[in-house]
Amino acid sequence: MKRRTLLRALACVPMLAPLGGTSVFAQSVKSNLIRTFGRIPPPSDIKRVFVAGGPAAILVAILAPHKLLGWPSVSWMHSEARNAFGPPLRDLPVLGQLAGRGSTMPAEKLLDIKPDLIVDAGSVDETYLSAAKRVNEQTGIPYVVIAGRLPDSARQLRETAQLLDVEARGNALADYAEEILSEAARVRETIPVEKRPRVYYGRGLEGLETGMLGSLHMEAIDAAGAFNVAAQGGQKIGVARVSLEQVIGWAPDIILTQDPNFASRVLEDPRWRTIPAVRANRILCAPTFPFGWLDVPPSINRLAGVFWLFAHLYGIGKDDLERRTTEFLRLFYGIERQA
Amino acid sequence: MPGKNSAPFPAFLTALSIVVAIFLIAFAVGKYPVSPADLLRSVFARLTGRDAGLPEAVEIVIWNIRLPRVTAGILVGAALAAAGAAYQNMFRNPLVSPDILGVSAGAGFGATLGIFFGFSLTAIQVIAFVCGLLAVGVVYAISGLVRRHDPVLVLVLAGIAVGTLLNAGVSLFKILSDPHSQQLSNIVFWLLGSLNGIDTRDLASAAPLVLIGLAPMILLRWRVNLLSLPDEEAAALGVEVARLRLVLIVAATLITAAVVSIAGIVGWVGLVVPHAARFLVGPNFSRLLPASLLLGAGFVVATDTLARTLVVIELPLGIVTAMIGAPFFLYLLARTGKTE
C-alpha cells in the first residue's frame with residue numbers, strides 16, 4: 001500500500017505542477033540565503049512544516065511553532081527543554097531527520113505525514129543541495145535549504161518568516177538579532193586585536209576536538225571577537241582533533257566548552273594544569289538550555305551565546321546578563337523564567 | 001636469504017636498535033616544542049631526583065603526555081602483534097589478524113553503546129573491554145556447539161558472523177546518533193583508533209592485563225609451533241590441542257581487548273607485523289613471538305609519532321597504520337614470493 005502511495009505520488013508530481021498555478025512566492029523572493037526545490041506554495045497555504053535537522057527545527061520552532069510537525073531528534077535538546085516549552089512545542093513527536101544517506105526519516109513516512117514544506121538549515125554545500133533536490137523529486141514535496149551562518153541570522157529570520165507567513169514575528173526577532181550582531185561588530189571594532197582573549201573551544205569526549213578557522217561551530221566565538229587559538233592551524237576543515245601537547249603549546253587564556261563534565265575534569269587533570277586558562281581558573285561552560293548557546297546544533301540560538309560571551313570575556317553587560325537571558329528566552333521561545 | 005634460520009641474533013640486534021631509535025625520536029618530537037637539551041636535562045633531573053629548573057609546561061608535556069603516549073604505543077603495538085602472531089600460527093593462515101574472532105567488533109560495539117548513551121570515558125573503556133571478551137566468548141561457545149566441521153574453520157566462520165552482527169549494531173547506533181552533536185565523530189574516531197589523550201591511568205589498567213595474557217604465550221611458545229600441524233598429528237605428539245587452543249584464544253583475546261579498550265581499533269598491526277617478523281626470524285614461534293613484540297612496538301610508536309606530528313590536527317592512528325602497513329605488506333609479499 002505504502003509503496004503504491006509513493007508511486008502514485010511520484011506519478012502525480014509532473015501533472016500537478018502546472019495545475020498548482022505559479023507561486024507568488026517563487027518570484028517574489030530573490031534570496032541567496034534560501035534555495036528552493038519544487039514549487040513553493042503561497043505562504044498562507046503552508047500549514048505543516050517538516051524540518052530536516054536541528055538548526056531548521058530551532059528556526060521553525062522559534063518562528064512558527066504551530067506549523068512544526070515534529071522534532072527530527074532530541075539528542076541536542078536540553079533535558080528540561082521540552083517541559084519548559086509551551087503546548088505546541090512540548091507535545092511534538094520525534095519524527096527522524098533527513099540527511100541524505102544518514103536519514104532516519106523514510107520517504108514513505110514523509111508522504112504519509114503530508115508536509116506542505118520541508119525546511120533544512122545549516123551548512124549549504126552540494127551534498128545537502130543535491131540531497132534536497134532528490135527528496136523533492138522523489139516525493140514532490142517542496143523543499144527549502146536555508147544557509148545558517150550566524151552573521152546572516154537577521155536575514156534568515158526575516159526571510160524564513162516571509163516563507164511561513166509569520167512576517168511580524170520574523171521582523172521583531174530579526175530586529176533583535178540585528179541589535180546583538182551590531183553590538184558584536186562594535187565590540188570587535190573597539191577592542192584591538194592584541195587585546196582580544198585567546199580562547200580554545202573544547203568539544204568531544206576529552207575536550208580535544210575543536211573548531212578550526214572559519215568553522216560553522218566557531219561562529220558565536222568569532223562574532224564575539226575572541227581569538228580562536230586553533231585558527232593558527234589555518235585549515236578550513238571545520239572540526240578536528242588536536243593533541244593535548246598542541247593545546248599546551250597554544251597556551252589559551254580561556255577555555256570555552258558546552259560540556260560540564262569536561263569543564264570540571266579539566267581543572268582536576270594535572271596534564272592541563274600549566275595552561276594559562278586553567279591556572280587562572282578561566283574555564284567557561286556555556287549554557288545549553290534549551291539548545292546549545294555556542295554550538296550543537298549551530299542554530300539561531302547562538303545569538304544568546306554572543307551576549308553571554310560579551311559578559312564573560314569582557315564583562316560587558318555582566319550585571320545585565322540575567323535580564324538579557326530572561327528576555328531572550330521569553331522572546332524566542334515564550335519561556336518565562338522565575339527571576 | 002635475509003636471516004631465515006641463520007643468525008637470528010644479529011637480526012634481533014638490528015631490530016632492537018631500530019626500535020630504540022624510534023622510541024627516542026618519538027620522545028623528542030611533538031606539537032609542543034621541547035629542545036633535546038631540555039629533554040635531556042629533564043630526564044637527568046628525574047634520574048638524580050633533582051629539580052631541572054624547566055617550565056612546568058615542559059615537564060608536563062614530557063612526563064604526563066609524551067611518556068604515557070609513547071609507552072601506550074609500545075604496549076598496543078607489542079600486544080596486537082603478539083596476538084596476531086599467535087593467531088596466524090594457530091589458524092595456520094597468514095591472513096588472520098587478532099580481530100578474527102570478533103574481539104575488536106565486540107569492543108567497538110561496546111564503545112559505541114557507551115558513547116551513544118553518554119557514559120564517562122572510564123565506563124566506555126570498561127564496556128568496550130567486557131564486550132570484546134563477550135564477543136569472543138560467544139564465538140567460542142558457538143564453535144563448541146557445532147561439532148561436525150573442522151573446529152578451526154567453525155571458529156573463523158563464527159567469528160566472521162558475530163563480527164558482522166556487531167558491526168551492524170555499530171552502524172545502527174551511528175545512524176541514530178545526531179550529526180550535530182559530538183557522538184558521531186566520537187564513534188568514528190574511536191573506531192579508527194587513537195592514542196591521543198591516553199594517560200597513566202589507562203596504562204595502569206591495560207598493562208597488567210596484557211602481561212597476564214602474554215605469560216601463557218611465552219610459557220607455551222614451543223607447543224604453539226605444534227598447533228600449525230594438523231590436529232591429529234599434534235595430538236599424536238602429545239599435545240592437548242583443544243585445551244592449548246583455548247588457552248591461546250583466552251590469552252590473545254585478553255591482550256587485544258585490553259589495548260583496544262584504551263586505544264580504539266588500530267588495524268593492520270596484528271596482520272602485518274607478524275609477517276615482517278617471520279621474514280626476519282623465520283616461523284619458529286619461540287623466535288617469532290619476541291620479534292613480533294619488538295617490531296609491533298616499534299611500528300605503532302613510529303606510526304603514532306607520524307599521526308601526532310604530520311599536520312596540525314590529529315590523524316586517527318588506524319589510518320596511518322593502514323597507509324604504511326598495506327604497502328609494506330605488499331612489499332613483503334613480493335619479496336617472500338621470490339625467495340621461496
# chains A, B, ... in the order shown; residues from 1 in each chain; ligands from 1
>>> interface_residues(of="chain B", to="chain A", cutoff="8 Å", atoms="only C-alpha atoms", output="PyMOL selection string")
chain B and resi 30-33+56-57+60-61+64-65+121+175-178+180-183+186+196-197+308+312-315
>>> residues_around(residues="Val199 in chain A", least_positions_apart="2", cutoff="9 Å", atoms="only C-alpha atoms", output="JSON list (two decimals) with N, CA and C atoms, in the first residue's frame")
[["chain", "number", "residue", "atom", "x", "y", "z"],
["A", 197, "PRO", "N", 40.89, 38.14, 23.92],
["A", 197, "PRO", "CA", 41.28, 36.94, 24.65],
["A", 197, "PRO", "C", 41.56, 35.78, 23.69],
["A", 201, "TYR", "N", 38.29, 26.32, 22.22],
["A", 201, "TYR", "CA", 36.96, 25.74, 22.37],
["A", 201, "TYR", "C", 37.08, 24.22, 22.37],
["A", 221, "ILE", "N", 31.77, 32.36, 18.78],
["A", 221, "ILE", "CA", 33.04, 32.80, 19.36],
["A", 221, "ILE", "C", 33.70, 33.83, 18.46],
["A", 226, "ALA", "N", 36.50, 36.95, 19.94],
["A", 226, "ALA", "CA", 37.58, 36.22, 20.61],
["A", 226, "ALA", "C", 38.55, 35.68, 19.57],
["A", 227, "PHE", "N", 39.79, 35.45, 19.99],
["A", 227, "PHE", "CA", 40.79, 34.92, 19.08],
["A", 227, "PHE", "C", 40.87, 33.41, 19.28],
["A", 228, "ASN", "N", 40.48, 32.67, 18.26],
["A", 228, "ASN", "CA", 40.48, 31.21, 18.32],
["A", 228, "ASN", "C", 41.91, 30.71, 18.12],
["A", 229, "VAL", "N", 42.49, 30.10, 19.16],
["A", 229, "VAL", "CA", 43.89, 29.68, 19.05],
["A", 229, "VAL", "C", 44.07, 28.64, 17.93],
["A", 230, "ALA", "N", 43.03, 27.84, 17.69],
["A", 230, "ALA", "CA", 43.15, 26.80, 16.66],
["A", 230, "ALA", "C", 43.18, 27.41, 15.26],
["A", 251, "ALA", "N", 48.63, 27.65, 24.46],
["A", 251, "ALA", "CA", 48.50, 28.40, 25.72],
["A", 251, "ALA", "C", 47.32, 29.37, 25.73],
["A", 252, "PRO", "N", 46.10, 28.87, 25.59],
["A", 252, "PRO", "CA", 44.93, 29.77, 25.58],
["A", 252, "PRO", "C", 44.69, 30.42, 26.94],
["A", 253, "ASP", "N", 44.15, 31.66, 26.92],
["A", 253, "ASP", "CA", 43.81, 32.36, 28.16],
["A", 253, "ASP", "C", 42.49, 31.89, 28.73],
["A", 254, "ILE", "N", 41.64, 31.39, 27.82],
["A", 254, "ILE", "CA", 40.30, 30.99, 28.24],
["A", 254, "ILE", "C", 39.96, 29.69, 27.53],
["A", 255, "ILE", "N", 39.34, 28.76, 28.27],
["A", 255, "ILE", "CA", 38.85, 27.55, 27.63],
["A", 255, "ILE", "C", 37.33, 27.61, 27.64],
["A", 256, "LEU", "N", 36.75, 27.49, 26.48],
["A", 256, "LEU", "CA", 35.29, 27.51, 26.34],
["A", 256, "LEU", "C", 34.82, 26.10, 26.04],
["A", 277, "ALA", "N", 44.70, 29.34, 30.99],
["A", 277, "ALA", "CA", 43.27, 29.35, 31.30],
["A", 277, "ALA", "C", 42.98, 28.54, 32.56]]
>>> atom_distance(atom1="CA of Gly170 in chain A", atom2="CA of Leu157 in chain A")
5.4 Å
>>> atom_distance(atom1="CA of Leu254 in chain B", atom2="CA of Gly213 in chain B")
5.8 Å
>>> select_by_dssp(residues="range 79-165 of chain B", states="alpha helix (DSSP H)", output="ChimeraX atom specification")
/B:79-90,103-116,121-145,151-165
>>> closest_residue(among="B:Ala252, B:Ala111, B:Leu145, B:Ala158", to="Val188 in chain B", atoms="only C-alpha atoms")
B:Ala111
>>> closest_residue(among="B:Gly77, B:Pro216, B:Gly163, B:Gly106", to="Thr321 in chain B", atoms="only C-alpha atoms")
B:Gly77
>>> residues_around(residues="range 226-233 of chain B", least_positions_apart="6", cutoff="8 Å", atoms="only C-alpha atoms", output="ChimeraX atom specification")
/B:89-92,239,241,245
>>> write_last_selection(atoms="C-alpha atoms", output="JSON list (two decimals), in the first residue's frame")
[["chain", "number", "residue", "atom", "x", "y", "z"],
["B", 89, "ASN", "CA", 50.18, -19.80, 13.87],
["B", 90, "MET", "CA", 47.12, -21.35, 15.42],
["B", 91, "PHE", "CA", 44.81, -20.83, 12.44],
["B", 92, "ARG", "CA", 47.58, -21.87, 10.02],
["B", 239, "VAL", "CA", 49.56, -32.01, 22.70],
["B", 241, "VAL", "CA", 45.08, -29.48, 21.01],
["B", 245, "ARG", "CA", 43.90, -23.59, 21.57]]
>>> residues_around(residues="Ile316 in chain A", least_positions_apart="3", cutoff="12 Å", atoms="only C-alpha atoms", output="short mmCIF file (atom, residue, chain, number, x, y, z; two decimals) with N, CA and C atoms, in the first residue's frame")
data_model
loop_
_atom_site.label_atom_id
_atom_site.label_comp_id
_atom_site.auth_asym_id
_atom_site.auth_seq_id
_atom_site.Cartn_x
_atom_site.Cartn_y
_atom_site.Cartn_z
N GLU A 183 25.95 45.05 17.93
CA GLU A 183 26.68 45.21 19.19
C GLU A 183 28.02 44.45 19.09
N ALA A 184 27.94 43.25 18.50
CA ALA A 184 29.15 42.44 18.32
C ALA A 184 30.14 43.15 17.41
N ARG A 186 30.45 46.34 17.00
CA ARG A 186 31.03 47.46 17.76
C ARG A 186 32.13 46.96 18.70
N VAL A 187 31.83 45.82 19.36
CA VAL A 187 32.82 45.27 20.29
C VAL A 187 34.10 44.91 19.53
N ILE A 191 37.73 46.75 20.48
CA ILE A 191 38.79 46.01 21.16
C ILE A 191 39.87 45.64 20.15
N ALA A 224 31.89 37.19 18.74
CA ALA A 224 32.19 37.92 19.96
C ALA A 224 33.61 38.49 19.95
N VAL A 306 26.31 34.88 21.96
CA VAL A 306 27.09 36.08 21.68
C VAL A 306 27.05 37.04 22.87
N PHE A 307 25.83 37.32 23.41
CA PHE A 307 25.81 38.26 24.55
C PHE A 307 26.35 37.60 25.82
N TRP A 308 26.22 36.29 25.91
CA TRP A 308 26.82 35.57 27.04
C TRP A 308 28.35 35.70 26.99
N LEU A 309 28.91 35.63 25.80
CA LEU A 309 30.36 35.77 25.65
C LEU A 309 30.82 37.19 25.99
N PHE A 310 30.03 38.22 25.59
CA PHE A 310 30.39 39.60 25.95
C PHE A 310 30.58 39.70 27.46
N ALA A 311 29.59 39.16 28.19
CA ALA A 311 29.62 39.28 29.65
C ALA A 311 30.83 38.55 30.22
N HIS A 312 31.12 37.35 29.69
CA HIS A 312 32.18 36.56 30.30
C HIS A 312 33.58 36.88 29.79
N LEU A 313 33.67 37.32 28.55
CA LEU A 313 35.00 37.61 28.01
C LEU A 313 35.46 39.02 28.39
N ASP A 319 26.21 42.63 34.61
CA ASP A 319 25.10 42.74 35.56
C ASP A 319 23.76 42.56 34.87
N ASP A 320 23.80 42.70 33.56
CA ASP A 320 22.58 42.66 32.78
C ASP A 320 22.29 41.26 32.22
N LEU A 321 23.21 40.33 32.44
CA LEU A 321 23.13 39.03 31.78
C LEU A 321 21.85 38.28 32.11
#
>>> residues_around(residues="Ala81 in chain B", least_positions_apart="5", cutoff="9 Å", atoms="only C-alpha atoms", output="PyMOL selection string")
chain B and resi 76+86+97-98+269-274+289+292-297
>>> write_last_selection(atoms="C-alpha atoms", output="tab-separated table (two decimals), in the first residue's frame")
chain	number	residue	atom	x	y	z
B	76	VAL	CA	49.44	-1.51	21.97
B	86	ALA	CA	49.73	-16.45	17.89
B	97	SER	CA	44.60	-10.79	12.48
B	98	PRO	CA	43.77	-10.55	16.20
B	269	VAL	CA	49.36	-4.10	13.27
B	270	GLY	CA	48.32	-7.64	14.13
B	271	LEU	CA	48.35	-8.65	10.48
B	272	VAL	CA	51.43	-7.05	9.01
B	273	VAL	CA	53.89	-7.15	11.93
B	274	PRO	CA	53.96	-10.95	12.33
B	289	LEU	CA	56.95	-14.01	19.44
B	292	SER	CA	56.71	-9.60	16.85
B	293	LEU	CA	56.62	-7.89	20.24
B	294	LEU	CA	59.61	-5.78	19.30
B	295	LEU	CA	58.54	-4.87	15.78
B	296	GLY	CA	54.94	-4.27	16.86
B	297	ALA	CA	56.06	-1.79	19.49
>>> residues_around(residues="Gly108 in chain B", least_positions_apart="2", cutoff="9 Å", atoms="only C-alpha atoms", output="PDB file with C-alpha atoms, in the first residue's frame")
ATOM      1  CA  VAL B 103      37.177  -9.069  19.807  1.00  0.00           C
ATOM      2  CA  SER B 104      37.545  -5.699  18.054  1.00  0.00           C
ATOM      3  CA  ALA B 105      33.995  -5.782  16.731  1.00  0.00           C
ATOM      4  CA  GLY B 106      32.754  -6.535  20.260  1.00  0.00           C
ATOM      5  CA  GLY B 110      30.625  -1.686  23.458  1.00  0.00           C
ATOM      6  CA  ALA B 111      32.370   1.642  22.984  1.00  0.00           C
ATOM      7  CA  THR B 112      29.677   2.790  20.552  1.00  0.00           C
ATOM      8  CA  LEU B 113      26.988   1.977  23.126  1.00  0.00           C
ATOM      9  CA  ALA B 128      34.463  -1.939  25.389  1.00  0.00           C
ATOM     10  CA  CYS B 131      32.031  -6.579  25.150  1.00  0.00           C
ATOM     11  CA  GLY B 132      35.283  -7.621  23.424  1.00  0.00           C
ATOM     12  CA  LEU B 166      28.224  -6.425  15.915  1.00  0.00           C
ATOM     13  CA  ASN B 167      29.352  -4.119  13.127  1.00  0.00           C
ATOM     14  CA  VAL B 170      27.668  -0.165  15.457  1.00  0.00           C
ATOM     15  CA  ILE B 187      32.273   6.939  17.493  1.00  0.00           C
ATOM     16  CA  TRP B 190      37.071   5.563  18.396  1.00  0.00           C
ATOM     17  CA  LEU B 191      36.680   3.001  15.624  1.00  0.00           C
ATOM     18  CA  VAL B 260      41.592  -1.890  22.129  1.00  0.00           C
ATOM     19  CA  SER B 261      39.664  -0.572  25.142  1.00  0.00           C
ATOM     20  CA  GLY B 264      40.319   2.012  19.918  1.00  0.00           C
ATOM     21  CA  ILE B 265      40.619  -0.247  16.907  1.00  0.00           C
TER      22      ILE B 265
END
>>> select_by_dssp(residues="range 57-304 of chain A", states="strand (DSSP E or B)", output="PyMOL selection string")
chain A and resi 68+71+94+99+101+117-122+143-147+198-203+209-211+227-228+239-241+254-257+283-285
>>> decode(residues="range 195-229 of chain A", atoms="N, CA and C atoms", output="CSV table (one decimal), in the first residue's frame")
chain,number,residue,atom,x,y,z
A,195,LYS,N,44.4,42.8,22.1
A,195,LYS,CA,43.7,42.8,23.5
A,195,LYS,C,42.7,41.7,23.5
A,196,ARG,N,42.4,41.0,22.4
A,196,ARG,CA,41.4,40.0,22.4
A,196,ARG,C,41.8,38.7,23.2
A,197,PRO,N,40.9,38.1,23.9
A,197,PRO,CA,41.3,36.9,24.7
A,197,PRO,C,41.6,35.8,23.7
A,198,ARG,N,42.6,35.0,24.0
A,198,ARG,CA,42.9,33.8,23.2
A,198,ARG,C,42.1,32.7,23.8
A,199,VAL,N,41.2,32.2,23.0
A,199,VAL,CA,40.3,31.1,23.5
A,199,VAL,C,40.5,29.8,22.8
A,200,TYR,N,40.3,28.7,23.6
A,200,TYR,CA,40.3,27.4,23.0
A,200,TYR,C,38.9,26.8,23.3
A,201,TYR,N,38.3,26.3,22.2
A,201,TYR,CA,37.0,25.7,22.4
A,201,TYR,C,37.1,24.2,22.4
A,202,GLY,N,36.7,23.6,23.5
A,202,GLY,CA,36.9,22.1,23.6
A,202,GLY,C,35.6,21.4,23.4
A,203,ARG,N,35.6,20.5,22.5
A,203,ARG,CA,34.4,19.6,22.3
A,203,ARG,C,34.9,18.2,22.5
A,204,GLY,N,33.9,17.2,22.4
A,204,GLY,CA,34.3,15.8,22.3
A,204,GLY,C,34.5,15.2,23.7
A,205,LEU,N,34.7,13.9,23.7
A,205,LEU,CA,34.9,13.2,25.0
A,205,LEU,C,35.9,13.8,25.9
A,206,GLU,N,37.1,14.2,25.3
A,206,GLU,CA,38.2,14.6,26.2
A,206,GLU,C,38.4,16.1,26.0
A,207,GLY,N,37.6,16.8,25.3
A,207,GLY,CA,37.8,18.2,25.0
A,207,GLY,C,38.9,18.4,24.0
A,208,LEU,N,39.3,17.4,23.3
A,208,LEU,CA,40.4,17.6,22.3
A,208,LEU,C,39.9,17.7,20.9
A,209,GLU,N,38.6,18.0,20.8
A,209,GLU,CA,38.1,18.3,19.4
A,209,GLU,C,37.8,19.8,19.4
A,210,THR,N,38.1,20.5,18.3
A,210,THR,CA,37.9,21.9,18.3
A,210,THR,C,37.6,22.4,16.9
A,211,GLY,N,37.1,23.6,16.8
A,211,GLY,CA,36.7,24.2,15.5
A,211,GLY,C,37.9,25.0,15.0
A,212,MET,N,38.2,24.7,13.7
A,212,MET,CA,39.4,25.4,13.1
A,212,MET,C,38.9,26.8,12.5
A,213,LEU,N,39.7,27.4,11.8
A,213,LEU,CA,39.4,28.7,11.2
A,213,LEU,C,38.2,28.6,10.3
A,214,GLY,N,37.3,29.5,10.5
A,214,GLY,CA,36.1,29.6,9.6
A,214,GLY,C,35.1,28.5,9.8
A,215,SER,N,35.2,27.8,10.9
A,215,SER,CA,34.3,26.7,11.1
A,215,SER,C,32.9,27.2,11.5
A,216,LEU,N,31.9,26.5,11.0
A,216,LEU,CA,30.5,26.8,11.4
A,216,LEU,C,30.3,26.8,12.9
A,217,HIS,N,31.1,25.9,13.6
A,217,HIS,CA,30.9,25.7,15.0
A,217,HIS,C,31.6,26.8,15.8
A,218,MET,N,32.4,27.7,15.2
A,218,MET,CA,33.1,28.7,15.9
A,218,MET,C,32.4,30.1,15.8
A,219,GLU,N,31.3,30.1,15.1
A,219,GLU,CA,30.8,31.4,14.7
A,219,GLU,C,30.4,32.3,15.9
A,220,ALA,N,29.8,31.8,16.9
A,220,ALA,CA,29.5,32.6,18.1
A,220,ALA,C,30.7,33.2,18.7
A,221,ILE,N,31.8,32.4,18.8
A,221,ILE,CA,33.0,32.8,19.4
A,221,ILE,C,33.7,33.8,18.5
A,222,ASP,N,33.7,33.6,17.2
A,222,ASP,CA,34.2,34.6,16.2
A,222,ASP,C,33.4,35.9,16.3
A,223,ALA,N,32.1,35.8,16.4
A,223,ALA,CA,31.3,37.0,16.4
A,223,ALA,C,31.6,37.8,17.6
A,224,ALA,N,31.9,37.2,18.7
A,224,ALA,CA,32.2,37.9,20.0
A,224,ALA,C,33.6,38.5,19.9
A,225,GLY,N,34.3,38.3,18.9
A,225,GLY,CA,35.6,38.9,18.7
A,225,GLY,C,36.8,38.2,19.5
A,226,ALA,N,36.5,37.0,19.9
A,226,ALA,CA,37.6,36.2,20.6
A,226,ALA,C,38.6,35.7,19.6
A,227,PHE,N,39.8,35.4,20.0
A,227,PHE,CA,40.8,34.9,19.1
A,227,PHE,C,40.9,33.4,19.3
A,228,ASN,N,40.5,32.7,18.3
A,228,ASN,CA,40.5,31.2,18.3
A,228,ASN,C,41.9,30.7,18.1
A,229,VAL,N,42.5,30.1,19.2
A,229,VAL,CA,43.9,29.7,19.0
A,229,VAL,C,44.1,28.6,17.9
